[in-house]
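Chemist: If it helps, the file is called protein.tsv and holds TSV, C-alpha atoms:
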chain	number	residue	atom	x	y	z
A	1	MET	CA	-10.43	8.26	-4.61
A	2	GLN	CA	-12.66	8.52	-1.54
A	3	VAL	CA	-14.60	5.89	0.32
A	4	SER	CA	-18.17	7.06	-0.09
A	5	SER	CA	-20.66	7.03	2.75
A	6	SER	CA	-23.29	6.02	0.20
A	7	ALA	CA	-21.49	2.70	-0.40
A	8	GLY	CA	-23.14	1.09	2.62
A	9	VAL	CA	-20.34	2.14	4.96
A	10	GLY	CA	-22.55	3.50	7.72
A	11	SER	CA	-25.85	5.09	8.50
A	12	GLN	CA	-25.48	6.63	11.96
A	13	PRO	CA	-25.12	10.39	12.17
A	14	ALA	CA	-21.56	11.55	12.65
A	15	SER	CA	-20.45	13.39	15.76
A	16	PRO	CA	-18.72	16.77	15.49
A	17	ALA	CA	-15.77	16.72	13.09
A	18	PRO	CA	-12.72	15.18	14.77
A	19	GLU	CA	-9.46	17.06	14.79
A	20	VAL	CA	-7.21	15.92	11.97
A	21	GLY	CA	-4.38	15.85	14.51
A	22	LEU	CA	-5.96	13.11	16.63
A	23	ASP	CA	-4.01	9.87	16.89
A	24	ASP	CA	-5.12	6.76	15.02
A	25	ALA	CA	-6.29	4.90	18.13
A	26	THR	CA	-8.69	7.72	19.11
A	27	LEU	CA	-10.03	7.93	15.57
A	28	VAL	CA	-10.53	4.15	15.46
A	29	VAL	CA	-12.49	4.25	18.73
A	30	ARG	CA	-14.69	7.06	17.41
A	31	ALA	CA	-15.17	5.32	14.06
A	32	ARG	CA	-16.09	2.08	15.81
A	33	ASP	CA	-18.78	4.04	17.66
A	34	GLY	CA	-20.23	5.07	14.27
A	35	ASP	CA	-18.43	8.39	13.73
A	36	MET	CA	-18.09	8.50	9.93
A	37	ARG	CA	-16.02	11.69	10.04
A	38	ALA	CA	-13.40	9.99	12.21
A	39	PHE	CA	-13.22	7.14	9.71
A	40	GLU	CA	-12.93	9.61	6.83
A	41	VAL	CA	-9.89	11.14	8.56
A	42	LEU	CA	-8.32	7.66	8.72
A	43	VAL	CA	-9.12	7.10	5.05
A	44	ARG	CA	-7.53	10.42	4.03
A	45	ARG	CA	-4.51	9.64	6.20
A	46	TYR	CA	-3.83	6.15	4.82
A	47	GLN	CA	-5.38	5.79	1.38
A	48	GLY	CA	-2.25	7.28	-0.25
A	49	PRO	CA	0.22	4.83	1.32
A	50	MET	CA	-2.10	1.87	0.69
A	51	TYR	CA	-2.60	2.94	-2.93
A	52	ARG	CA	1.15	3.35	-3.51
A	53	LEU	CA	1.78	-0.12	-2.04
A	54	ALA	CA	-0.97	-1.67	-4.17
A	55	VAL	CA	0.05	0.05	-7.42
A	56	HIS	CA	3.68	-1.03	-6.96
A	57	MET	CA	2.66	-4.60	-6.18
A	58	LEU	CA	0.05	-4.91	-8.93
A	59	ALA	CA	1.54	-2.63	-11.63
A	60	SER	CA	-2.00	-1.49	-12.39
A	61	ARG	CA	-3.60	1.74	-11.22
A	62	GLY	CA	-7.13	0.40	-11.74
A	63	ASP	CA	-6.49	-2.79	-9.78
A	64	ALA	CA	-4.80	-0.77	-7.03
A	65	GLU	CA	-7.81	1.54	-6.74
A	66	ASP	CA	-10.12	-1.48	-6.51
A	67	VAL	CA	-7.99	-3.08	-3.80
A	68	VAL	CA	-7.79	0.09	-1.71
A	69	GLN	CA	-11.55	0.67	-2.00
A	70	GLU	CA	-12.19	-2.92	-0.85
A	71	VAL	CA	-9.69	-2.61	2.01
A	72	PHE	CA	-11.33	0.50	3.45
A	73	LEU	CA	-14.86	-0.85	3.04
A	74	THR	CA	-13.75	-4.02	4.82
A	75	ALA	CA	-12.05	-1.92	7.50
A	76	TRP	CA	-15.28	-0.03	8.17
A	77	ARG	CA	-17.31	-3.23	8.40
A	78	ARG	CA	-14.79	-4.98	10.67
A	79	LEU	CA	-13.78	-2.17	13.02
A	80	GLY	CA	-15.79	-3.86	15.74
A	81	GLN	CA	-13.50	-6.90	15.52
A	82	LEU	CA	-10.33	-4.85	16.02
A	83	ARG	CA	-9.50	-5.13	19.72
A	84	ASP	CA	-6.26	-3.13	19.67
A	85	GLU	CA	-6.91	0.31	18.22
A	86	ALA	CA	-3.17	0.87	17.74
A	87	ALA	CA	-3.04	-2.15	15.39
A	88	PHE	CA	-5.20	-0.42	12.75
A	89	VAL	CA	-2.33	0.65	10.47
A	90	GLY	CA	-0.68	-2.77	10.59
A	91	TRP	CA	-4.05	-4.32	9.79
A	92	LEU	CA	-4.38	-2.01	6.75
A	93	TYR	CA	-0.93	-2.98	5.46
A	94	ARG	CA	-1.62	-6.69	6.05
A	95	THR	CA	-5.01	-6.57	4.35
A	96	THR	CA	-3.74	-4.55	1.38
A	97	SER	CA	-0.72	-6.83	0.92
A	98	ASN	CA	-2.82	-9.99	1.15
A	99	ARG	CA	-5.41	-8.73	-1.34
A	100	CYS	CA	-2.64	-7.77	-3.75
A	101	LEU	CA	-0.92	-11.14	-3.38
A	102	ASN	CA	-4.23	-12.93	-4.01
A	103	MET	CA	-4.85	-10.83	-7.10
A	104	ILE	CA	-1.32	-11.52	-8.41
A	105	ARG	CA	-1.74	-15.26	-7.91
A	106	ALA	CA	-5.14	-15.26	-9.61
A	107	ARG	CA	-4.21	-13.45	-12.78
A	108	ARG	CA	-2.02	-14.22	-15.75
A	109	PRO	CA	1.08	-12.14	-16.48
A	110	VAL	CA	0.21	-8.73	-17.90
A	111	ALA	CA	1.99	-6.35	-20.27
A	112	GLU	CA	4.51	-3.81	-19.00
A	113	THR	CA	3.14	-1.05	-16.79
A	114	ASP	CA	2.29	2.26	-18.43
A	115	LEU	CA	3.82	4.60	-15.88
A	116	ASP	CA	2.52	8.14	-15.60
A	117	LYS	CA	5.24	9.96	-17.51
A	118	ARG	CA	3.80	13.39	-16.77
A	119	GLU	CA	4.58	13.00	-13.06
A	120	SER	CA	8.11	11.86	-13.87
A	121	ALA	CA	8.62	14.75	-16.26
A	122	GLU	CA	7.40	17.33	-13.77
A	123	ALA	CA	9.66	15.92	-11.06
A	124	ALA	CA	12.68	15.70	-13.34
A	125	GLY	CA	12.75	19.23	-14.82
A	126	SER	CA	14.44	19.06	-18.23
A	127	PRO	CA	13.12	16.84	-21.05
A	128	GLU	CA	16.40	14.87	-21.13
A	129	ARG	CA	16.32	14.27	-17.39
A	130	ALA	CA	12.61	13.41	-17.59
A	131	ALA	CA	13.32	10.78	-20.25
A	132	GLN	CA	16.09	9.27	-18.13
A	133	VAL	CA	13.91	9.18	-15.00
A	134	SER	CA	11.07	7.65	-17.00
A	135	GLU	CA	13.38	4.92	-18.35
A	136	GLN	CA	14.67	4.23	-14.84
A	137	MET	CA	11.13	3.95	-13.48
A	138	ILE	CA	10.18	1.56	-16.27
A	139	ALA	CA	13.31	-0.52	-15.56
A	140	LEU	CA	12.53	-0.57	-11.83
A	141	ALA	CA	8.90	-1.57	-12.47
A	142	ALA	CA	10.06	-4.39	-14.73
A	143	ALA	CA	12.64	-5.51	-12.15
A	144	LEU	CA	10.01	-5.49	-9.39
A	145	LYS	CA	7.74	-7.66	-11.51
A	146	ARG	CA	10.49	-10.29	-11.78
A	147	LEU	CA	10.57	-10.70	-7.99
A	148	THR	CA	8.27	-13.22	-6.38
A	149	PRO	CA	5.10	-11.56	-5.06
A	150	GLU	CA	6.30	-12.16	-1.49
A	151	GLN	CA	9.73	-10.62	-2.16
A	152	ARG	CA	8.09	-7.64	-3.86
A	153	ALA	CA	5.71	-7.10	-0.93
A	154	CYS	CA	8.49	-7.33	1.67
A	155	TRP	CA	10.80	-5.02	-0.30
A	156	LEU	CA	8.06	-2.41	-0.86
A	157	LEU	CA	6.94	-2.49	2.76
A	158	ARG	CA	10.54	-1.97	3.93
A	159	GLU	CA	12.07	0.34	1.32
A	160	VAL	CA	9.07	2.38	0.19
A	161	HIS	CA	6.84	2.35	3.28
A	162	GLY	CA	9.54	2.18	5.96
A	163	ARG	CA	7.93	-0.61	7.97
A	164	SER	CA	10.01	-2.54	10.49
A	165	TYR	CA	10.97	-6.19	10.01
A	166	GLU	CA	8.60	-7.09	12.85
A	167	GLU	CA	5.70	-5.25	11.20
A	168	ILE	CA	6.42	-6.87	7.84
A	169	ALA	CA	6.57	-10.31	9.45
A	170	GLY	CA	3.13	-9.64	10.95
A	171	VAL	CA	1.75	-8.38	7.65
A	172	MET	CA	3.12	-11.34	5.71
A	173	GLY	CA	2.35	-13.94	8.36
A	174	THR	CA	5.94	-15.15	8.57
A	175	THR	CA	9.10	-14.71	10.66
A	176	ARG	CA	11.57	-11.83	10.81
A	177	THR	CA	14.22	-14.19	9.43
A	178	ALA	CA	12.09	-15.03	6.40
A	179	VAL	CA	11.40	-11.32	5.84
A	180	ARG	CA	15.12	-10.48	6.02
A	181	GLY	CA	15.87	-13.26	3.54
A	182	ARG	CA	13.22	-12.12	1.07
A	183	ILE	CA	14.38	-8.51	1.28
A	184	ALA	CA	18.03	-9.51	0.87
A	185	ARG	CA	17.24	-11.57	-2.23
A	186	ALA	CA	15.07	-8.77	-3.62
A	187	ARG	CA	17.85	-6.23	-3.08
A	188	VAL	CA	20.38	-8.41	-4.91
A	189	GLN	CA	18.04	-8.94	-7.88
A	190	LEU	CA	17.09	-5.25	-8.04
A	191	ALA	CA	20.72	-4.14	-7.75
A	192	GLU	CA	21.63	-6.38	-10.69
A	193	ALA	CA	18.71	-5.14	-12.76
A	194	MET	CA	19.43	-1.49	-12.01
A	195	ALA	CA	23.23	-1.72	-12.41
A	196	PRO	CA	23.17	0.00	-15.85
A	197	TRP	CA	21.56	3.08	-14.22
A	198	LYS	CA	24.33	3.66	-11.66
Represent the structure of the file as structure tokens.
Modeler:
Amino acid sequence: MQVSSSAGVGSQPASPAPEVGLDDATLVVRARDGDMRAFEVLVRRYQGPMYRLAVHMLASRGDAEDVVQEVFLTAWRRLGQLRDEAAFVGWLYRTTSNRCLNMIRARRPVAETDLDKRESAEAAGSPERAAQVSEQMIALAAALKRLTPEQRACWLLREVHGRSYEEIAGVMGTTRTAVRGRIARARVQLAEAMAPWK
């Protein structure tokens, strides 16, 4: 999934290709000045983490792709409003989480997620191990869906994406204490649900 320059993202000619190793703040400054290649580096750098967050929150690959596409299109349009270049990644997490939460609240409960069993099988090795890993992933997905959307978002941001409590509080628009409480409750519920797999 790529954010296409033909989707109304920009029309100014790009400057020479930025180094992939440039830091986010430099890339944001260049992108804000109309450098599409700099923005494309940011997209390649962060579309994977945003997609993984969205697919875990929404339990739908299609919905996750839609959310991530919207997030990056919005990011391109609103780069001029971002005053702290270093805040770009936090802004992406906050926007992705909020869009996912809005989508969860707006829809009715859906059927169980159809996880990609091929990826599990390749990672697991033997067919028996693959089956066990697949069952564990299905159990984890079901357990995550039983959490409140806010608990799920906090747990995923902490445990899967490694964000700090402060960052999560900023993303979720709440306090560190509330984040810690949500994560603690999520851990207890997930531990109970996954107990048979220990």
Chemist: One decimal, in Å: what's the spacing between atom CA of A:Arg32 and atom CA of A:Phe88?
Modeler: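 Atom-to-atom, atom CA of A:Arg32 and atom CA of A:Phe88 are spaced 11.6 Å apart.
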Chemist: List as a Markdown table every residue of stretch 66-116 of chain A that is in contact with stretch 45-57 of chain A, defined as an atom at most 9 Å from one of its atoms (using all atoms listed in the file), together with the nearest atom pair and the distance in Å rounded to one decimal, sorted by chain and then rising number.
Modeler:
| residue | atom | partner | partner_atom | distance |
| --- | --- | --- | --- | --- |
| A:Val67 | CA | A:Ala54 | CA | 7.2 |
| A:Val68 | CA | A:Tyr51 | CA | 6.0 |
| A:Gln69 | CA | A:Gln47 | CA | 8.7 |
| A:Val71 | CA | A:Met50 | CA | 8.9 |
| A:Phe72 | CA | A:Gln47 | CA | 8.2 |
| A:Val89 | CA | A:Tyr46 | CA | 8.0 |
| A:Leu92 | CA | A:Met50 | CA | 7.5 |
| A:Tyr93 | CA | A:Met50 | CA | 6.9 |
| A:Thr96 | CA | A:Met50 | CA | 6.7 |
| A:Ser97 | CA | A:Ala54 | CA | 7.3 |
| A:Arg99 | CA | A:Ala54 | CA | 8.8 |
| A:Cys100 | CA | A:Ala54 | CA | 6.3 |
| A:Leu101 | CA | A:Met57 | CA | 8.0 |
| A:Ile104 | CA | A:Met57 | CA | 8.3 |
Chemist: What is the atom CA of A:Val28-atom CA of A:Gln81 distance in Å, reported with one decimal?
Modeler: 11.4 Å
Chemist: Got a sec: who's within 12 Å of A:Gly80, counting only C-alpha atoms, leaving out chain neighbours fewer than 2 positions off, as an MDAnalysis selection string?
Modeler: chainID A and resid 28:34 74:78 82:85 88
Chemist: To one decimal place, how far is atom CA of A:Glu128 from atom CA of A:Gln189 in Å?
Modeler: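 Result for atom CA of A:Glu128 versus atom CA of A:Gln189: 27.3 Å, one decimal.
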Chemist: Please list as a PDB file with C-alpha atoms, in the frame of the given file every residue within 10 Å of A:Arg187, counting all atoms listed in the file and excluding residues in the same chain fewer than 3 positions away.
Modeler:
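File result-v9.pdb, as written:
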ATOM      1  CA  LEU A 147      10.570 -10.700  -7.990  1.00  0.00           C
ATOM      2  CA  GLN A 151       9.730 -10.620  -2.160  1.00  0.00           C
ATOM      3  CA  ARG A 152       8.090  -7.640  -3.860  1.00  0.00           C
ATOM      4  CA  TRP A 155      10.800  -5.020  -0.300  1.00  0.00           C
ATOM      5  CA  GLU A 159      12.070   0.340   1.320  1.00  0.00           C
ATOM      6  CA  GLY A 181      15.870 -13.260   3.540  1.00  0.00           C
ATOM      7  CA  ARG A 182      13.220 -12.120   1.070  1.00  0.00           C
ATOM      8  CA  ILE A 183      14.380  -8.510   1.280  1.00  0.00           C
ATOM      9  CA  ALA A 184      18.030  -9.510   0.870  1.00  0.00           C
ATOM     10  CA  LEU A 190      17.090  -5.250  -8.040  1.00  0.00           C
ATOM     11  CA  ALA A 191      20.720  -4.140  -7.750  1.00  0.00           C
ATOM     12  CA  GLU A 192      21.630  -6.380 -10.690  1.00  0.00           C
ATOM     13  CA  ALA A 193      18.710  -5.140 -12.760  1.00  0.00           C
TER      14      ALA A 193
END
